[in-house]
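Notes follow once the structure below has been shown.
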Amino acid sequence: MGVSDILGLFNYWMVIILMMIGFYTVVSRGNLVKKIVGLNIFQTSVFLLYISMGKVSGGTAPILTGKPEVYSNPLPHVLILTAIVVGVATTALGLALVVRIKNAYDTIEEDEIQAADDETEFGDPQAAEDHRR
Amino acid sequence: MIAAHLPILQVAVPLVAAPLSVFCRRGATAWTLTFVVSIGAFLISIALLGQVLDQGVLSYQLGDWAAPWGIEYRVDAANAMVLLIISGISTVVLPYARVSIAHEVEAHNQTLFYTCYLLCLTGLLGMVITGDAFNAFVFLEIASLSTYVLVAMGAKRDRRALTAAYTYLVMGTIGATFFVIGVGLLYMMTGTLNMADLAERIPAIGANRTLVVAFAFIVTGLGLKLALFPMHLWLPNAYAFAPSAVTVFLAATATKAAVYLLLRFLFTIFGTSFPTFEPTLTYLLLPLAVIAMFAASTVAIFQVDIKRMLAYSSIAQLGYMVLGMSFATVTGLTATIIHLFNHALMKGALFMALGAVVMRFGDATIDTMRGLGRVMPWTMAAFVAGGLSLIGMPLTVGFISKWLLVTAALESGLWPIAVLVVASSLLAVIYIWRVVEAAYFEPPPEGVTAGEAPPALLIPTWILIGANIYFGIDASLTTRVAGEAARALLKTAS
Amino acid sequence: MSIEAIINIALFVFLGLTAFAILKLRALFAVVMLSAVFSLVSAALLVHLDAVDVAFTEAAVGAGISTVLMLATLALTSRHEKAPTRSQALPLIVVFLTGFALVYGTLDMPRFGDPQAPIQVHVAPKYIADTQSEIGIPNIVTAVLASYRGFDTLGEVTVIFTAGIGVLLLLAAFIREPEGLRVQTMDHHLVLRVVTKVLIGPILLFALYVQFHADYGPGGGFQAGIIFASAFIIYALVFGLENARKAVPGRAVRLLVACGVLLYGGVGFVSFLFGKNYLNYSVLGADQVAGQHLGILLVEFGVGLTVAAVMVSTFYAFAGQNPPIGDEDW
């Protein structure tokens with residue numbers, strides 16, 4: 001494998017590492033806002049994956065200049081523009097839910113919310129504690 | 001002239017109705033608009049099914065750009081049937097919702113609630129009818145985002161609706177992102193997003209590691225959306241705490257659309273000849289389906305909140321659908337597709353009955369159900385009828401589904417699986433009996449007077465029960481369409 | 001190694017470090033700021049990968065709107081994260097499996113930048129070759145976005161519309177009426193006040209430029225909508241939400257949100273009158289190219305309208321909650 005091959009896979013591997021950091025943030029952290037941030041990182045890294053696959057060596061942005069040129073692929077760009085919108089829509093709704101949860105529970109830590117919910121369901125803190133064990 | 005444009009009208013009408021509903025000043029006006037649009041969508045879906053049974057696959061090019069450069073809508077028997085289910089259930093739920101939502105959602109939110117409902121309908125219809133993989137993602141997200149909001153609208157009754165909605169949002173977005181990663185990898189190796197084009201190009205590439213990983217991510221992403229065990233964690237709370245009409249609509253339609261997409265990707269796009277197709281179905285989907293059938297039914301037995309009990313029951317029923325899929329035979333697929341329809345009827349009726357209880361008493365726990373046989377006789381009778389269908393009694397649609405499933409298992413030589421299907425139905429008997437026992441064999445709590453649910457709630461419930469029994473006695477139409485759909489899915493896979 | 005490769009590696013390493021810091025830090029304010037940095041550096045990387053439209057959008061959305069919303073949420077909730085108490089074993093296993101699967105999938109991928117890769121030889125060449133004759137605009141991305149795959153973009157507008165409606169449904173009940181709001185402004189900061197007044201005009205003009213210049217350069221309805229909204233947001237931040245709501249009332253914004261989607265969907269219906277399929281713009285003008293130009297103009301405007309209105313209304317919803325924090329509270 002030549003230098004350009006390793007560099008080629010490097011792009012994708014770095015993107016995968018970024019994706020996994022974002023994914024890990026979502027699943028391992030209990031703070032609701034942190035989870036949304038993690039989700040954002042996960043999604044943004046997926047965008048980088050798509051755009052990396054569209055790049056053509058020696059190419060340029062897909063805007064016709066009138067001269068014969070090599071252009072990078074415009075289709076991934078279009079797909080990602082839509083995906084970015086979907087991402088921000090999800091973020092906005094997620095954050096609105098977090099604000100409402102804070103209003104209702106007075107906390108945004110997942111384990112505290114779970115404890116409050118268990119109390120509601122089982123009637124008293126001790127029973128909730130037992131259920132958790 | 002309209003007939004030629006039916007495919008796009010199926011989606012464009014609710015899509016344009018949604019912003020129109022923002023202009024409605026009162027919730028009642030918004031409801032009327034939503035109801036009219038839903039009836040329209042239902043009529044269109046019937047017409048589309050008729051066209052498909054006549055002419056075969058329909059194709060519609062958006063913007064008059066030929067696929068794969070433009071986006072194409074492709075309708076065959078499989079998605080025509082799912083379109084019918086979605087728009088049909090929507091039309092039956094809306095009269096129910098008029099009273100139920102007026103009670104369960106704050107007054108100032110009524111208009112926008114129906115906007116969100118129309119968006120959910122648009123998303124579900126759009127993701128089912130499209131022939132473009134990325135377009136499916138966009139409409140999947142429209143449906144999902146509006147669903148998160150609709151679930152959160154239950155916060156007036158119980159604040160746990162908010163956490164349920166948040167958990168659903170996080171898990172649903174992870175699922176959607178996995179799906180989009182899979183589609184991206186597919187695109188990377190084939191250069192196209194059109195489903196028919198992908199189906200042509202993938203066999204030529206064969207056992208490519210990138211395609212295999214794409215397969216895995218798409219199955220996982222869709223599995224999350226359809227609450228396949230073990231990714232079902234979001235469903236019980238979301239169904240339990242959403243407003244009653246929302247639960248009815250979602251239980252009957254949302255996961256079905258995801259099941260359809262999974263069928264489309266597995267059978268049409270990847271095809272039975274794809275290297276990981278058979279191993280995945282036999283060693284992954286089949287075991288997970290069986291576990292779902294048993295584990296979810298067992299957990300349902302111990303639930304105190306009846307809505308949550310039925311939610312776990314739904315996870316078990318989704319197990320049946322995936323089981324039928326995993327046989328990869330015409331009978332198996334027919335069982336899956338017919339269960340998409342039958343389950344919508346069953347669960348729709350059951351959740352409607354529960355919604356009436358919630359409206360009267362504020363919740364639907366096993367305690368609330370005590371003596372309900374005398375207090376709300378028609379509602380409980382509907383619940384019992386739905387319950388019998390769930391168990392699989394002859395003369396109900398549930399029997400048809402189970403019959404086809406057992407036949408498919410025997411056809412594939414897997415008679416232990418057939419035994420398991422029957423055994424898990426016995427579990428359903430237990431949890432339905434718990435409710436029946438409380439309702440008919442225990443006295444109502446003190447001070448509770450007899451008071452049936454209003455006709456606006458009872459009539460849609462009994463319409464669904466009627467359909468349950470009608471299609472249970474005469475299943476020729478549904479079996480024929482499901483069979484067509486199954487053959488369409490398997491034929492285009494070659 | 002070429003300078004391009006070095007830039008590539010440097011940007012990716014920077015992104016990796018930022019992401020890792022976001023994971024580890026528990027001061028949420030720092031986390032949000034770093035997430036804005038992450039978006040901005042991603043935008044730089046996207047420019048490097050020739051995706052100029054995408055970079056523009058990522059910068060506006062990620063470093064702009066998302067950051068504003070996250071900061072608003074922090075102001076309303078809490079600013080510190082608790083230390084993780086649960087075991088990290090299961091998440092770690094799931095993440096490793098997923099990452100491993102992905103790396104396995106990269107092994108058969110086409111070489112990065114390969115002009116003969118499947119996606120470069122199928123579908124895309126026709127876009128590049130025929131955009132000039134069929135649609136007549138230089139920006140191929142806009143051509144594909146608004147025309148060839150215009151229906152996806154209608155879906156995109158609907159997604160943003162859904163988010164706007166959702167935020168209104170979730171938060172509108174808790175917005176305090178304008179009279180009840182303690183007028184919290186920052187106009188006692190001289191620099192902020194002067195600079196804001198000077199900038200608002202150019203921001204709005206730039207937004208209109210981005211909106212209508214999408215055919216010729218990076219830009220489009222989405223980016224323009226966000227920039228347009230940002231002018232109102234900065235006005236609200238400095239001069240007070242109450243003044244902003246007097247200038248652009250919430251109810252009006254709500255209706256504008258719907259208008260953009262109606263415009264886009266409506267343009268599609270016009271094609272029916274000429275017997276063509278939905279969203280066929282060719283019928284809108286004397287010849288195909290003229291029709292496409294008009295169609296793209298209208299639908300992009302619809303996108304910009306809805307996006308701007310949704311951003312403003314979402315900001316109103318978040319900012320109109322509990323009393324804003326004064327300088328001394330930080």
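In the structure tokens, each chain is lettered A, B, ... as it comes, each chain's residues begin at 1, and ligands are numbered from 1 in order of appearance.
Any residue of chain B with an atom no more than 9 Å from chain A counts as a contact; using only C-alpha atoms, that gives Phe134, Val138, Glu141, Ile142, Leu145, Tyr148, Val149, Ala152, Arg159, Arg160, Leu162, Thr163, Ala165, Tyr166, Leu169, Val170, Thr173, Ile174, Thr177, Val180, Ile181, Gly184, Leu185 and Met188 of chain B.
Taking only C-alpha atoms, the non-local environment of Pro218 in chain C within 8 Å (same-chain residues fewer than 3 positions away omitted) comprises Val52, Asp53, Phe56, Asn139, Val210, His213, Ala214 and Asp215 of chain C.
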Residue hits in chain C, query chain B, radius 6 Å, only C-alpha atoms, as a ChimeraX atom specification: /C:105,108,118-119,122,148-149,152,159,166,258,277-280
Can I get the selected residues back with C-alpha atoms, as an mmCIF file, in the first residue's frame?
data_model
loop_
_atom_site.group_PDB
_atom_site.id
_atom_site.type_symbol
_atom_site.label_atom_id
_atom_site.label_comp_id
_atom_site.auth_asym_id
_atom_site.auth_seq_id
_atom_site.Cartn_x
_atom_site.Cartn_y
_atom_site.Cartn_z
ATOM 1 C CA GLY C 105 -16.283 -2.411 6.026
ATOM 2 C CA ASP C 108 -13.169 -3.101 0.325
ATOM 3 C CA PRO C 118 -18.553 3.495 -8.584
ATOM 4 C CA ILE C 119 -20.153 6.729 -7.439
ATOM 5 C CA HIS C 122 -22.739 6.223 -12.322
ATOM 6 C CA TYR C 148 -33.318 16.729 -9.896
ATOM 7 C CA ARG C 149 -33.878 15.647 -6.302
ATOM 8 C CA ASP C 152 -36.046 15.303 -1.105
ATOM 9 C CA VAL C 159 -38.508 18.243 8.562
ATOM 10 C CA GLY C 166 -42.696 20.521 17.731
ATOM 11 C CA ALA C 258 -46.333 27.467 7.240
ATOM 12 C CA ASN C 277 -45.602 15.294 -12.981
ATOM 13 C CA TYR C 278 -45.307 16.900 -9.562
ATOM 14 C CA LEU C 279 -42.459 19.402 -9.197
ATOM 15 C CA ASN C 280 -41.712 19.618 -12.913
#
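The space between CA of Val92 in chain B and CA of Pro460 in chain B spans 5.8 Å.
The space between CA of Gly62 in chain C and CA of Ser39 in chain C spans 5.1 Å.
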Extract, using only C-alpha atoms, all DNA, RNA and protein residues at most 6 Å from range 420-436 of chain B, discarding same-chain residues fewer than 6 positions from it, and format them as an MDAnalysis selection string. chainID B and resid 294 301 391
Restricted to C-alpha atoms, what would the selected residues look like written as a compact mmCIF listing (two decimals), in the first residue's frame?
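To be explicit, this is the file written out as selection24.txt:
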# COMPACT_ATOMS: atom_id res chain seq x y z
CA PHE B 294 -41.69 -15.36 24.72
CA ILE B 301 -48.05 -10.84 32.37
CA ILE B 391 -54.76 -14.98 21.45
Can you list, as number ranges by chain, every residue of range 145-269 of chain C that DSSP puts in helix (DSSP H, G or I)? C: 145-148, 150-174, 178-180, 190-212, 221-239, 241-247, 250-269
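Between CA of Ala257 in chain B and CA of Leu333 in chain B there is a distance of 15.1 Å.
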Can you list, as JSON, numbers by chain, every protein, DNA or RNA residue that comes within 9 Å of Val93 in chain B when you count only C-alpha atoms, leaving out same-chain residues fewer than 4 positions away? {"B": [88, 89, 97, 98, 245, 246, 248, 249, 348, 352, 460, 461]}
Written file, previous selection with N, CA and C atoms, as a short mmCIF file (atom, residue, chain, number, x, y, z; two decimals), in the first residue's frame:
data_model
loop_
_atom_site.label_atom_id
_atom_site.label_comp_id
_atom_site.auth_asym_id
_atom_site.auth_seq_id
_atom_site.Cartn_x
_atom_site.Cartn_y
_atom_site.Cartn_z
N GLY B 88 -56.02 3.83 6.46
CA GLY B 88 -57.27 3.30 7.01
C GLY B 88 -57.35 3.49 8.51
N ILE B 89 -56.28 3.10 9.20
CA ILE B 89 -56.27 3.27 10.66
C ILE B 89 -56.41 4.75 11.01
N ALA B 97 -60.20 10.37 18.09
CA ALA B 97 -59.26 11.37 18.62
C ALA B 97 -59.97 12.67 18.94
N ARG B 98 -61.03 12.98 18.18
CA ARG B 98 -61.67 14.28 18.39
C ARG B 98 -62.04 14.47 19.85
N ALA B 245 -55.15 8.36 21.82
CA ALA B 245 -55.33 8.26 20.37
C ALA B 245 -53.99 8.10 19.68
N VAL B 246 -52.95 8.73 20.22
CA VAL B 246 -51.61 8.60 19.64
C VAL B 246 -51.14 7.16 19.78
N VAL B 248 -52.96 4.50 19.91
CA VAL B 248 -53.69 3.69 18.93
C VAL B 248 -53.03 3.83 17.56
N PHE B 249 -52.81 5.07 17.16
CA PHE B 249 -52.25 5.30 15.82
C PHE B 249 -50.86 4.70 15.68
N GLY B 348 -55.27 -1.80 17.56
CA GLY B 348 -56.03 -0.56 17.46
C GLY B 348 -57.26 -0.63 18.34
N MET B 352 -57.92 1.40 21.83
CA MET B 352 -59.06 2.32 21.86
C MET B 352 -59.92 2.05 23.09
N PRO B 460 -65.79 3.95 16.77
CA PRO B 460 -64.56 3.51 16.09
C PRO B 460 -64.03 2.20 16.65
N THR B 461 -64.12 2.03 17.98
CA THR B 461 -63.63 0.79 18.58
C THR B 461 -64.37 -0.40 17.98
#
Long-range neighbours of Ile291 in chain B as a list in words, 12 Å cut-off, only C-alpha atoms, 2 positions minimum in chain: Leu228, Phe229, Pro230, Leu284, Leu285, Leu286, Pro287, Leu288, Ala289, Met293, Phe294, Ala295, Ala296, Ser297, Thr298, Val299, Ile315, Ala316, Gln317, Leu318, Gly319, Tyr320, Val322, Leu323, Ile417, Leu420, Val421 and Ser424 of chain B
File of the preceding selection, C-alpha atoms, as a compact mmCIF listing (two decimals), in the first residue's frame:
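Final file, again_38.txt:
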# COMPACT_ATOMS: atom_id res chain seq x y z
CA LEU B 228 -36.91 -5.75 17.42
CA PHE B 229 -35.67 -7.44 20.55
CA PRO B 230 -33.27 -6.36 22.16
CA LEU B 284 -30.23 -13.83 13.88
CA LEU B 285 -33.79 -12.81 13.02
CA LEU B 286 -35.42 -16.13 13.79
CA PRO B 287 -33.93 -16.53 17.29
CA LEU B 288 -34.56 -12.87 18.12
CA ALA B 289 -38.16 -13.22 16.95
CA MET B 293 -42.41 -13.71 21.40
CA PHE B 294 -41.69 -15.36 24.72
CA ALA B 295 -39.82 -12.75 26.73
CA ALA B 296 -42.16 -9.90 25.89
CA SER B 297 -45.28 -11.96 26.54
CA THR B 298 -43.87 -13.07 29.87
CA VAL B 299 -43.04 -9.52 30.94
CA ILE B 315 -43.28 -6.35 20.94
CA ALA B 316 -44.25 -10.01 21.01
CA GLN B 317 -46.50 -9.53 17.97
CA LEU B 318 -43.64 -7.84 16.12
CA GLY B 319 -41.73 -11.00 16.94
CA TYR B 320 -44.37 -12.95 15.00
CA VAL B 322 -40.19 -11.03 12.00
CA LEU B 323 -40.59 -14.79 12.41
CA ILE B 417 -41.09 -23.34 15.82
CA LEU B 420 -43.41 -22.37 20.01
CA VAL B 421 -45.91 -20.16 18.17
CA SER B 424 -46.58 -18.24 23.15
Quick one: everything within 9 Å of Phe96 in chain C, counting only C-alpha atoms, minus sequence neighbours fewer than 5 positions away in the same chain. Send it as a PyMOL selection string. (chain A and resi 20) or (chain C and resi 91+101)
At a cut-off of 12 Å, using only C-alpha atoms, what residues contact Leu58 in chain B? Leave out same-chain residues fewer than 5 positions from it and give the result as a count of residues only. 24
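With distances restricted to only C-alpha atoms, A:Ser57 is the closest residue to chain C from A:Asn11, A:Ser57, A:Ser45, A:Asn40.
Of the residues under consideration (C:Leu46, C:Ile9, C:Ala30, C:Ala55), C:Leu46 shows the shortest atom-to-atom contact distance to Ser52 in chain A when counting only C-alpha atoms.
With only C-alpha atoms as the atoms that count, the residue of C:Ile137, C:Ala244, C:Val267, C:Ala44 with the shortest distance to chain A is C:Ile137.
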